[in-house]
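Novice: I have a structure here, written as structure tokens, and I will follow up with some questions on it.
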Amino acid sequence: MKIAIVTDQYLPQLGGVADSIVSLVRGLQEHGHTVSIFAPNLRNAVPEPHVTRLPTFSTHSGVFNFVAPFGLTHKLRDFKPDVIHYHSIGIAAFAGMRAAKRLNIALVGTDHGSPADYLHYFHLDNKLIRSIVLKLHSWFFNHCDVVTAPARFRLDELRTYGTTKPHMEMISNSVAPDSFYQIEGKAVLKD
């Protein structure tokens with residue numbers, strides 16, 4: 001299967017979304033799938049053969065990144081994926097959603113978290129704004145054929161605020177067992 005992953009958050013940006021994409025892609029490739037990632041072009045990004053970097057405007061030393069997904073539909077048409085999978089919501093994900101509709105390609109969305117979770121950082125965390133953001137968040141995922149989330153409460157929140165897609169599934173983030181190893185002197189760590 002050919003899978004296009006469209007994301008507004010990817011390496012070298014640190015965080016759970018980027019980590020889960022890396023782990024997902026590794027697993028998909030190990031099972032013989034062809035994966036292409038369409039991600040922001042961030043400073044210090046390492047070139048990867050399966051990653052297409054999208055023009056990106058960064059502010060505040062890279063804290064805020066705004067993807068300009070020019071040509072994404074054309075790039076996806078050239079790749080010919082069986083499915084487009086976006087992670088969280090954002091400009092690139094919205095462009096991926098529109099491309100899936102235009103190209104008649106199945107769309108999967110993974111909800112890693114709601115923008116409502118960050119309203120307090122902008123002093124906008126009041127009942128009205130939170131409700132509007134959560135309804136928009138649910139609207140975004142209503143365009144998917146399948147919606148996944150790493151936690152049940154994410155799916156419940158989407159349903160509460162209006163996501164009506166019949167196929168919603170909790171799929172926990174994977175953990176690479178090879179990232180754990182035995183260490184000497186464990187007793188020292190317990191002190």
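Chain lettering (A, B, ...) mirrors the order of the structure tokens, residue numbering begins at 1 for each chain separately, and ligand numbering begins at 1 in order of display.
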Assign secondary structure with DSSP using the backbone only, and return the residues of segment 20-54 of chain A in strand (DSSP E) as a ChimeraX atom specification.

Specialist: /A:34-40,51-54

Novice: Skip Ala18 of chain A itself and residues of its chain fewer than 2 positions away, then list as an NGL selection string all residues within 12 Å of it, counting only C-alpha atoms.

Specialist: :A and (5-16 or 20-25 or 37 or 39-40 or 86-88 or 112 or 173)

Novice: Tell me, as an mmCIF file with all heavy atoms, in the first residue's frame, which residues lie within 8 Å of Lys165 of chain A, counting only C-alpha atoms; anything in the same chain fewer than 5 positions away does not count.

Specialist:
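As a result, selection-v6.cif now contains:
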data_model
loop_
_atom_site.group_PDB
_atom_site.id
_atom_site.type_symbol
_atom_site.label_atom_id
_atom_site.label_comp_id
_atom_site.auth_asym_id
_atom_site.auth_seq_id
_atom_site.Cartn_x
_atom_site.Cartn_y
_atom_site.Cartn_z
ATOM 1 N N ASN A 142 -14.278 15.460 11.012
ATOM 2 C CA ASN A 142 -15.469 14.936 10.348
ATOM 3 C C ASN A 142 -15.241 14.695 8.859
ATOM 4 O O ASN A 142 -16.049 14.050 8.214
ATOM 5 C CB ASN A 142 -16.652 15.891 10.530
ATOM 6 C CG ASN A 142 -17.702 15.315 11.435
ATOM 7 O OD1 ASN A 142 -17.767 14.119 11.645
ATOM 8 N ND2 ASN A 142 -18.523 16.179 11.982
ATOM 9 N N CYS A 144 -12.761 13.001 7.632
ATOM 10 C CA CYS A 144 -11.980 11.773 7.469
ATOM 11 C C CYS A 144 -12.880 10.564 7.247
ATOM 12 O O CYS A 144 -14.024 10.535 7.688
ATOM 13 C CB CYS A 144 -11.136 11.515 8.714
ATOM 14 S SG CYS A 144 -9.919 12.797 9.034
ATOM 15 N N ASP A 145 -12.320 9.562 6.596
ATOM 16 C CA ASP A 145 -12.994 8.271 6.488
ATOM 17 C C ASP A 145 -12.800 7.468 7.766
ATOM 18 O O ASP A 145 -13.670 6.711 8.183
ATOM 19 C CB ASP A 145 -12.452 7.486 5.283
ATOM 20 C CG ASP A 145 -12.732 8.215 3.985
ATOM 21 O OD1 ASP A 145 -13.926 8.367 3.652
ATOM 22 O OD2 ASP A 145 -11.772 8.647 3.314
ATOM 23 N N VAL A 146 -11.633 7.635 8.374
ATOM 24 C CA VAL A 146 -11.303 6.958 9.630
ATOM 25 C C VAL A 146 -10.586 7.965 10.513
ATOM 26 O O VAL A 146 -9.744 8.733 10.040
ATOM 27 C CB VAL A 146 -10.378 5.732 9.383
ATOM 28 C CG1 VAL A 146 -9.930 5.107 10.697
ATOM 29 C CG2 VAL A 146 -11.059 4.703 8.497
ATOM 30 N N VAL A 147 -10.918 7.946 11.797
ATOM 31 C CA VAL A 147 -10.261 8.816 12.775
ATOM 32 C C VAL A 147 -9.632 7.932 13.839
ATOM 33 O O VAL A 147 -10.271 7.008 14.348
ATOM 34 C CB VAL A 147 -11.266 9.788 13.436
ATOM 35 C CG1 VAL A 147 -10.581 10.627 14.513
ATOM 36 C CG2 VAL A 147 -11.914 10.686 12.390
#

Novice: List every residue of segment 91-175 of chain A that DSSP, applied to the backbone of this structure, assigns to alpha helix (DSSP H), and report them as a PyMOL selection string.

Specialist: chain A and resi 91-103+127-141+152-160
